[in-house]
Amino acid sequence: MKEATDIGALIVSSPEVRGGRPRIAGTGVTVQRIVEWYKIGYTPEEIADELGHLSLAQVYAALAYYHANREQIEADIAAEEAEAQRLEASRSRAADSGS
């Protein structure tokens, strides 16, 4: 019989990988990435299928981590979106001034 999986070991973070964002252990897939797919309507099963190297348990662990740490993950998502908008605006201004 297979030994039970410690679900606490499925999500890790380290400063040298993905900027310290929580991610699925043994991969570079961040909790944030799983959450973004989930928020646009993918089911956990569809996410696991799309990212074939992940198990359904890993996807659910990422979603459980998100729900347990929603404020942190939502703040990370908002900060990333704000930075993307800032970069796009900067690029747009640079393109306009070059015309």
# chains A, B, ... in the order shown; residues from 1 in each chain; ligands from 1
call {"tool": "residues_around", "arguments": {"residues": "A:Thr30", "least_positions_apart": "3", "cutoff": "9 Å", "atoms": "only C-alpha atoms", "output": "PyMOL selection string"}}
result
chain A and resi 11+18+21-24+27+33-35+62
call {"tool": "residues_around", "arguments": {"residues": "A:Asp76", "least_positions_apart": "4", "cutoff": "12 Å", "atoms": "only C-alpha atoms", "output": "list in words"}}
result
Gly19, Gly20, Arg21, Pro22, Thr30, Val31, Gln32, Arg33, Val35, Glu36, Tyr66, Asn69, Arg70, Glu71, Gln72, Glu80, Glu81, Ala82 and Glu83 of chain A
call {"tool": "write_last_selection", "arguments": {"atoms": "N, CA and C atoms", "output": "short mmCIF file (atom, residue, chain, number, x, y, z; two decimals), in the first residue's frame"}}
result
data_model
loop_
_atom_site.label_atom_id
_atom_site.label_comp_id
_atom_site.auth_asym_id
_atom_site.auth_seq_id
_atom_site.Cartn_x
_atom_site.Cartn_y
_atom_site.Cartn_z
N GLY A 19 10.48 34.06 -7.22
CA GLY A 19 10.43 35.23 -6.35
C GLY A 19 9.87 34.94 -4.97
N GLY A 20 9.93 33.68 -4.56
CA GLY A 20 9.44 33.32 -3.24
C GLY A 20 7.94 33.07 -3.18
N ARG A 21 7.27 33.17 -4.32
CA ARG A 21 5.82 32.90 -4.32
C ARG A 21 5.56 31.43 -3.99
N PRO A 22 4.46 31.15 -3.29
CA PRO A 22 4.13 29.75 -3.01
C PRO A 22 3.90 29.00 -4.31
N THR A 30 3.17 28.13 -9.77
CA THR A 30 2.77 28.87 -8.57
C THR A 30 1.31 28.65 -8.24
N VAL A 31 1.00 28.84 -6.96
CA VAL A 31 -0.39 28.82 -6.52
C VAL A 31 -1.17 29.87 -7.29
N GLN A 32 -0.56 31.02 -7.49
CA GLN A 32 -1.21 32.12 -8.22
C GLN A 32 -1.62 31.67 -9.62
N ARG A 33 -0.79 30.94 -10.30
CA ARG A 33 -1.12 30.47 -11.66
C ARG A 33 -2.34 29.55 -11.63
N VAL A 35 -4.69 29.51 -9.36
CA VAL A 35 -5.83 30.35 -8.99
C VAL A 35 -6.34 31.14 -10.19
N GLU A 36 -5.43 31.68 -10.98
CA GLU A 36 -5.85 32.45 -12.15
C GLU A 36 -6.65 31.58 -13.11
N TYR A 66 -4.69 28.67 -1.40
CA TYR A 66 -5.27 29.95 -1.77
C TYR A 66 -6.41 30.33 -0.81
N ASN A 69 -5.16 31.35 2.48
CA ASN A 69 -4.28 32.54 2.44
C ASN A 69 -4.75 33.52 1.38
N ARG A 70 -6.05 33.66 1.27
CA ARG A 70 -6.65 34.45 0.20
C ARG A 70 -6.12 35.88 0.14
N GLU A 71 -6.03 36.55 1.27
CA GLU A 71 -5.57 37.95 1.27
C GLU A 71 -4.19 38.08 0.65
N GLN A 72 -3.29 37.20 1.03
CA GLN A 72 -1.92 37.25 0.51
C GLN A 72 -1.89 37.01 -1.00
N GLU A 80 0.79 42.33 -9.14
CA GLU A 80 1.28 41.94 -10.46
C GLU A 80 0.49 42.63 -11.57
N GLU A 81 -0.82 42.73 -11.41
CA GLU A 81 -1.66 43.41 -12.40
C GLU A 81 -1.32 44.90 -12.47
N ALA A 82 -1.10 45.53 -11.31
CA ALA A 82 -0.74 46.95 -11.27
C ALA A 82 0.60 47.18 -11.97
N GLU A 83 1.55 46.30 -11.74
CA GLU A 83 2.86 46.42 -12.39
C GLU A 83 2.73 46.24 -13.90
#
call {"tool": "select_by_dssp", "arguments": {"residues": "chain A", "states": "helix (DSSP H, G or I)", "output": "VMD selection string"}}
result
chain A and resid 7 to 9 18 to 20 31 to 39 44 to 50 56 to 68 70 to 97
call {"tool": "write_last_selection", "arguments": {"atoms": "C-alpha atoms", "output": "PDB file, in the first residue's frame"}}
result
ATOM      1  CA  ILE A   7      -0.526  17.494   2.165  1.00  0.00           C
ATOM      2  CA  GLY A   8       1.440  20.161   4.017  1.00  0.00           C
ATOM      3  CA  ALA A   9       4.452  19.241   1.890  1.00  0.00           C
ATOM      4  CA  ARG A  18       9.522  32.299  -8.570  1.00  0.00           C
ATOM      5  CA  GLY A  19      10.428  35.232  -6.355  1.00  0.00           C
ATOM      6  CA  GLY A  20       9.440  33.316  -3.237  1.00  0.00           C
ATOM      7  CA  VAL A  31      -0.393  28.822  -6.515  1.00  0.00           C
ATOM      8  CA  GLN A  32      -1.205  32.115  -8.217  1.00  0.00           C
ATOM      9  CA  ARG A  33      -1.124  30.466 -11.657  1.00  0.00           C
ATOM     10  CA  ILE A  34      -3.523  27.739 -10.530  1.00  0.00           C
ATOM     11  CA  VAL A  35      -5.829  30.350  -8.988  1.00  0.00           C
ATOM     12  CA  GLU A  36      -5.854  32.447 -12.148  1.00  0.00           C
ATOM     13  CA  TRP A  37      -6.958  29.439 -14.214  1.00  0.00           C
ATOM     14  CA  TYR A  38      -9.558  28.536 -11.600  1.00  0.00           C
ATOM     15  CA  LYS A  39     -10.951  32.089 -11.549  1.00  0.00           C
ATOM     16  CA  PRO A  44      -9.421  21.486 -10.910  1.00  0.00           C
ATOM     17  CA  GLU A  45      -9.655  18.451 -13.202  1.00  0.00           C
ATOM     18  CA  GLU A  46      -9.206  20.633 -16.301  1.00  0.00           C
ATOM     19  CA  ILE A  47      -6.223  22.394 -14.733  1.00  0.00           C
ATOM     20  CA  ALA A  48      -4.576  19.046 -13.946  1.00  0.00           C
ATOM     21  CA  ASP A  49      -5.263  17.908 -17.522  1.00  0.00           C
ATOM     22  CA  GLU A  50      -3.814  21.111 -19.021  1.00  0.00           C
ATOM     23  CA  LEU A  56      -5.292  16.467  -9.097  1.00  0.00           C
ATOM     24  CA  ALA A  57      -4.137  16.395  -5.467  1.00  0.00           C
ATOM     25  CA  GLN A  58      -1.503  19.052  -6.256  1.00  0.00           C
ATOM     26  CA  VAL A  59      -4.093  21.300  -7.902  1.00  0.00           C
ATOM     27  CA  TYR A  60      -6.446  20.928  -4.943  1.00  0.00           C
ATOM     28  CA  ALA A  61      -3.559  21.640  -2.558  1.00  0.00           C
ATOM     29  CA  ALA A  62      -2.873  24.886  -4.416  1.00  0.00           C
ATOM     30  CA  LEU A  63      -6.541  25.850  -4.210  1.00  0.00           C
ATOM     31  CA  ALA A  64      -6.691  24.954  -0.518  1.00  0.00           C
ATOM     32  CA  TYR A  65      -3.599  27.092   0.071  1.00  0.00           C
ATOM     33  CA  TYR A  66      -5.275  29.951  -1.770  1.00  0.00           C
ATOM     34  CA  HIS A  67      -8.459  29.716   0.289  1.00  0.00           C
ATOM     35  CA  ALA A  68      -6.445  29.565   3.512  1.00  0.00           C
ATOM     36  CA  ARG A  70      -6.647  34.451   0.195  1.00  0.00           C
ATOM     37  CA  GLU A  71      -5.568  37.954   1.272  1.00  0.00           C
ATOM     38  CA  GLN A  72      -1.916  37.246   0.509  1.00  0.00           C
ATOM     39  CA  ILE A  73      -2.568  35.647  -2.883  1.00  0.00           C
ATOM     40  CA  GLU A  74      -5.084  38.327  -3.922  1.00  0.00           C
ATOM     41  CA  ALA A  75      -2.587  41.041  -2.913  1.00  0.00           C
ATOM     42  CA  ASP A  76       0.098  39.334  -5.024  1.00  0.00           C
ATOM     43  CA  ILE A  77      -2.284  39.134  -7.999  1.00  0.00           C
ATOM     44  CA  ALA A  78      -3.273  42.800  -7.611  1.00  0.00           C
ATOM     45  CA  ALA A  79       0.364  43.899  -7.348  1.00  0.00           C
ATOM     46  CA  GLU A  80       1.283  41.940 -10.456  1.00  0.00           C
ATOM     47  CA  GLU A  81      -1.657  43.411 -12.400  1.00  0.00           C
ATOM     48  CA  ALA A  82      -0.740  46.948 -11.274  1.00  0.00           C
ATOM     49  CA  GLU A  83       2.860  46.416 -12.390  1.00  0.00           C
ATOM     50  CA  ALA A  84       1.693  45.096 -15.777  1.00  0.00           C
ATOM     51  CA  GLN A  85      -0.537  48.150 -16.231  1.00  0.00           C
ATOM     52  CA  ARG A  86       2.314  50.459 -15.222  1.00  0.00           C
ATOM     53  CA  LEU A  87       4.661  48.823 -17.735  1.00  0.00           C
ATOM     54  CA  GLU A  88       2.028  48.966 -20.481  1.00  0.00           C
ATOM     55  CA  ALA A  89       1.396  52.659 -19.805  1.00  0.00           C
ATOM     56  CA  SER A  90       5.130  53.353 -19.819  1.00  0.00           C
ATOM     57  CA  ARG A  91       5.542  51.481 -23.096  1.00  0.00           C
ATOM     58  CA  SER A  92       2.592  53.336 -24.578  1.00  0.00           C
ATOM     59  CA  ARG A  93       4.055  56.726 -23.563  1.00  0.00           C
ATOM     60  CA  ALA A  94       7.417  55.787 -25.043  1.00  0.00           C
ATOM     61  CA  ALA A  95       5.764  54.733 -28.322  1.00  0.00           C
ATOM     62  CA  ASP A  96       3.734  57.954 -28.455  1.00  0.00           C
ATOM     63  CA  SER A  97       6.783  60.145 -27.859  1.00  0.00           C
TER      64      SER A  97
END
call {"tool": "atom_distance", "arguments": {"atom1": "atom CA of A:Leu10", "atom2": "atom CA of A:Leu51"}}
result
15.8 Å
call {"tool": "atom_distance", "arguments": {"atom1": "atom CA of A:Val12", "atom2": "atom CA of A:His53"}}
result
16.8 Å
call {"tool": "select_by_dssp", "arguments": {"residues": "chain A", "states": "strand (DSSP E)", "output": "PyMOL selection string"}}
result
chain A and resi 11-12+23-24
call {"tool": "atom_distance", "arguments": {"atom1": "atom CA of A:Val17", "atom2": "atom CA of A:Ser55"}}
result
20.6 Å
